[in-house]
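See structure below.
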Amino acid sequence: RDWFQLSLKEGFTVFRDQEFTADQTSHAVKRIEDVNMLRTRQFAEDAGPLSHSIRPDAYIEINNFYTLTVYEKGAEIIRMLRTILGEVGFHKGADLYFQRHDGEAVTCEDFIAAMADANNKDLSQFSRWYSQAGTPTVYVTQTYNKAQQQLVLNLSQTILTQENPQVLQIPIKTALFSSTGECLHPEVCLELTEKSQDFVFDNIHSQPIVSILRNFSAPIKLVIDQPLSELAHLLQYDTDSFNRWEAGQQLSTAVIFDLVTAIQQQQSLAVSDILINSFATLLKQDWQDLSYFTCLLSLPTENFLAEQIDEVDVTAIHQARLYLKQTLAAHFKTEFTTLYQKNHQNETGELNPKAMAQRSLKNLCLDYLNSLNTESSYQRAQQQFDTAHTMTDQIAALSAIVNSNHPDKAAALNSFYQQWQHEALVIDKWFTLQASSQQEDTLETVKQLLNHSAFSLKNPNRVRALIGAFSQANPYHFHQENGDGYQFLTEQILALNSLNPQVASRMVGALTHWQRFNNHRQHLMLAQLEKIVQHDAISKDVFEIATKSLAAQKQ
């Protein structure tokens, strides 16, 4: 009916797309991919000065609301409805919605009313998700009484970025396991509807290990104290594919942050045996879904890690993650090499799910082995680059070459460009690989690529591939201590301002999270935002984003 209802159709559309893709590929992997993107990008949007509900209440320029919140968080709210109502109930609600409103201009209230009426359920509290900005944080404490064989889970909710946030209805799928992997309580959906609420589980005959927020049943941050041993246990025994992966991610995250602390305090570095042993267990098992196995072996990204802490130390995070990656690569060099060879030897370029999963796994192994920067790793990457049957293999090999000290890096980049120069989307990948490289000369490389014959500020995809990739997918280099990354981005934003205000406003987003960094970086980022606002003939698109970001200083 009006622009404020944008998420009504877009959230539903994203949800439908997610479900279709999951049906066609792997439900486990698709859910992991969607949640990864939500937590690394949409949660950051929720935590910044541009935070808004999925149904915004005001705007200067509507183009600024084609956001991850409207689309991806909107999809999660549709998914929560299905979780609360069940699949049959959700379909009943959707049927009634279409029956009532086909061909009409409708609102979010109309959609919720159809879901509520079809299921005879009060969804008035759930409707607050449409107007409440920010990511809820749910704190979990557990008390087990062995004598009474009873577990009490206390769940409490808040939104740290909001004053006096409304209490939301949050579905939290939960199951309990024993220390031997036995299911002590099957999955149940806990509906958190109060600020603090106790949930009691009876007949629990041993100290349980809690598997909570299964399948990421709500777009929240979960705070629960679980030791590394419990996370390792869930990684081995959890029957929920998402939570099994999540346990591994949390285990790796905990180890990386221990390394971050050691780096900051200039102490010696060491990786927990619990993580090493967990990887050893995974590598010994026989996996049918190789794409899911690849997810289990993958480390959390630097952007995800940054979202887990209040003040981001990009340098320490980068160094800690790289140290863990190299440690695992060295420890499991034989296993990674064997896996690579097994899944590469019969490579024919087929595009069926099995062949695609094999490529996913072998290219992860290639990435691990490449981090060791050995002559054999250079040869392996070069051979795969020269003989690749698919773009997946060729781009993975080129990425390995670009992110190492490979002696023929320039020749490989030139060869790839000459081969694909007439395929625009492929050349976008070529630019992105160089912009997201971890090599120390990356910013200078990006500046040089601005003058490349294939680059133009008038091409939005090319801008996103080069400038967007550098500022949003390369935190280690973008957030350089000297501020050169910020200055570079500002220059490009101002150049884009008159050419394409919508693209320019998207680029400003990398500067809007200034509050997450130390005082020195905050000062540098704010100075660039001031420069943008004071620019002559600044567009409405860019002005709205930059001024909202600066306004956060006064809060």
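Quick note on naming: the chains in the structure tokens go A, B, ... in the order shown, residues restart at 1 in each chain, and ligands are numbered from 1 in order of appearance.
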Inset, instruction - Considering only C-alpha atoms, return as a VMD selection string whatever protein or nucleic-acid residues lie within 10 Å of Phe543 (chain A), sequence-local ones (same chain, fewer than 6 positions apart) excluded. - result: chain A and resid 60 to 61 497 501 505 508 529 532 to 535 537 549
Inset, instruction - Could you give me, as a ChimeraX atom specification, the residues within 12 Å of Ser268 (chain A), counting only C-alpha atoms and dropping anything in the same chain fewer than 6 positions from it? - result: /A:258-262,320,323
Legend entry - Pick from A:Ser217, A:Thr193, A:Gln418, A:Asn203 nearest to Gln148 (chain A), counting only C-alpha atoms: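 That would be A:Asn203, the residue with the smallest distance to Gln148 (chain A).
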Inset, instruction - Output as a PyMOL selection string all residues of region 337-416 of chain A that backbone DSSP marks as helix (DSSP H, G or I). - result: chain A and resi 337-344+353-370+375-387+391-402+409-416
Inset, instruction - Find the residue from A:Phe111, A:Phe90, A:Tyr97, A:Tyr130 that sits nearest to Gly74 (chain A); use only C-alpha atoms when measuring. - result: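 For Gly74 (chain A), the nearest of the given residues is A:Tyr130.
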Legend entry - Interatomic distance (Å, one decimal) between CA of Gln250 (chain A) and CA of Ile317 (chain A):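 So the two atoms, CA of Gln250 (chain A) and CA of Ile317 (chain A), lie 14.9 Å apart.
Residues lying within 9 Å of Arg39 (chain A), counting only C-alpha atoms and ignoring same-chain neighbours fewer than 3 positions away, are Asp34, Val35, Asn36, Gln42, Phe43, Ala44, Pro219, Ile220, Lys221, Phe304 and Glu307 of chain A.
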Save the residues we just selected, C-alpha atoms, as a CSV table (one decimal), in the first residue's frame?
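The resulting file, result.csv, is shown below:
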```csv
chain,number,residue,atom,x,y,z
A,34,ASP,CA,21.8,-17.4,5.2
A,35,VAL,CA,22.6,-17.0,9.0
A,36,ASN,CA,26.2,-16.2,8.2
A,42,GLN,CA,22.4,-7.3,9.1
A,43,PHE,CA,23.3,-7.5,12.8
A,44,ALA,CA,25.9,-4.8,12.1
A,219,PRO,CA,17.3,-13.6,14.7
A,220,ILE,CA,18.9,-13.0,18.0
A,221,LYS,CA,22.2,-12.9,19.8
A,304,PHE,CA,31.7,-12.4,12.1
A,307,GLU,CA,30.5,-8.7,15.5
```
Legend entry - Residue among A:Ser211, A:Ser415, A:Gln341, A:Gln169 lying closest to Leu184 (chain A), counting only C-alpha atoms: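 Of all the options, A:Ser211 lies closest to Leu184 (chain A).
In this comparison, which uses only C-alpha atoms, the residue of A:Ile401, A:Val542, A:Leu290, A:Ala552 approaching Ser26 (chain A) most closely is A:Leu290.
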Inset, instruction - For Thr13 (chain A), list every protein, DNA or RNA residue within 10 Å, evaluated using only C-alpha atoms, and leave out those in the same chain fewer than 2 positions away; present the list as number ranges by chain. - result: A: 7-11, 15-19, 71-72, 74-75, 78
Inset, instruction - Quick one: everything within 10 Å of Arg359 (chain A), counting only C-alpha atoms, minus sequence neighbours fewer than 3 positions away in the same chain. Send it as a list in words. - result: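 Near neighbours after the sequence-gap exclusion: Leu290, Ser291, Thr294, Tyr340, Asn343, His344, Glu347, Gly349, Pro353, Lys354, Ala355, Met356, Lys362, Asn363, Leu364, Cys365, Thr390, Thr392, Asp393 and Ala396 of chain A.
As for CA of Ile212 (chain A) and CA of Thr281 (chain A), they are spaced 22.8 Å apart.
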Legend entry - Selected residue, from A:Phe201, A:Tyr368, A:Phe517, A:Phe385, that lies nearest to His479 (chain A) when counting only C-alpha atoms: A:Phe517
Legend entry - Distance query region 426-434 of chain A at most 12 Å, only C-alpha atoms, self and fewer than 5 positions along chain excluded, as number ranges by chain: A: 391-392, 394-404, 409-410, 412-421, 439-450, 452-456, 459-474, 477
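You will find CA of Leu296 (chain A) at 6.7 Å from CA of Gly248 (chain A).
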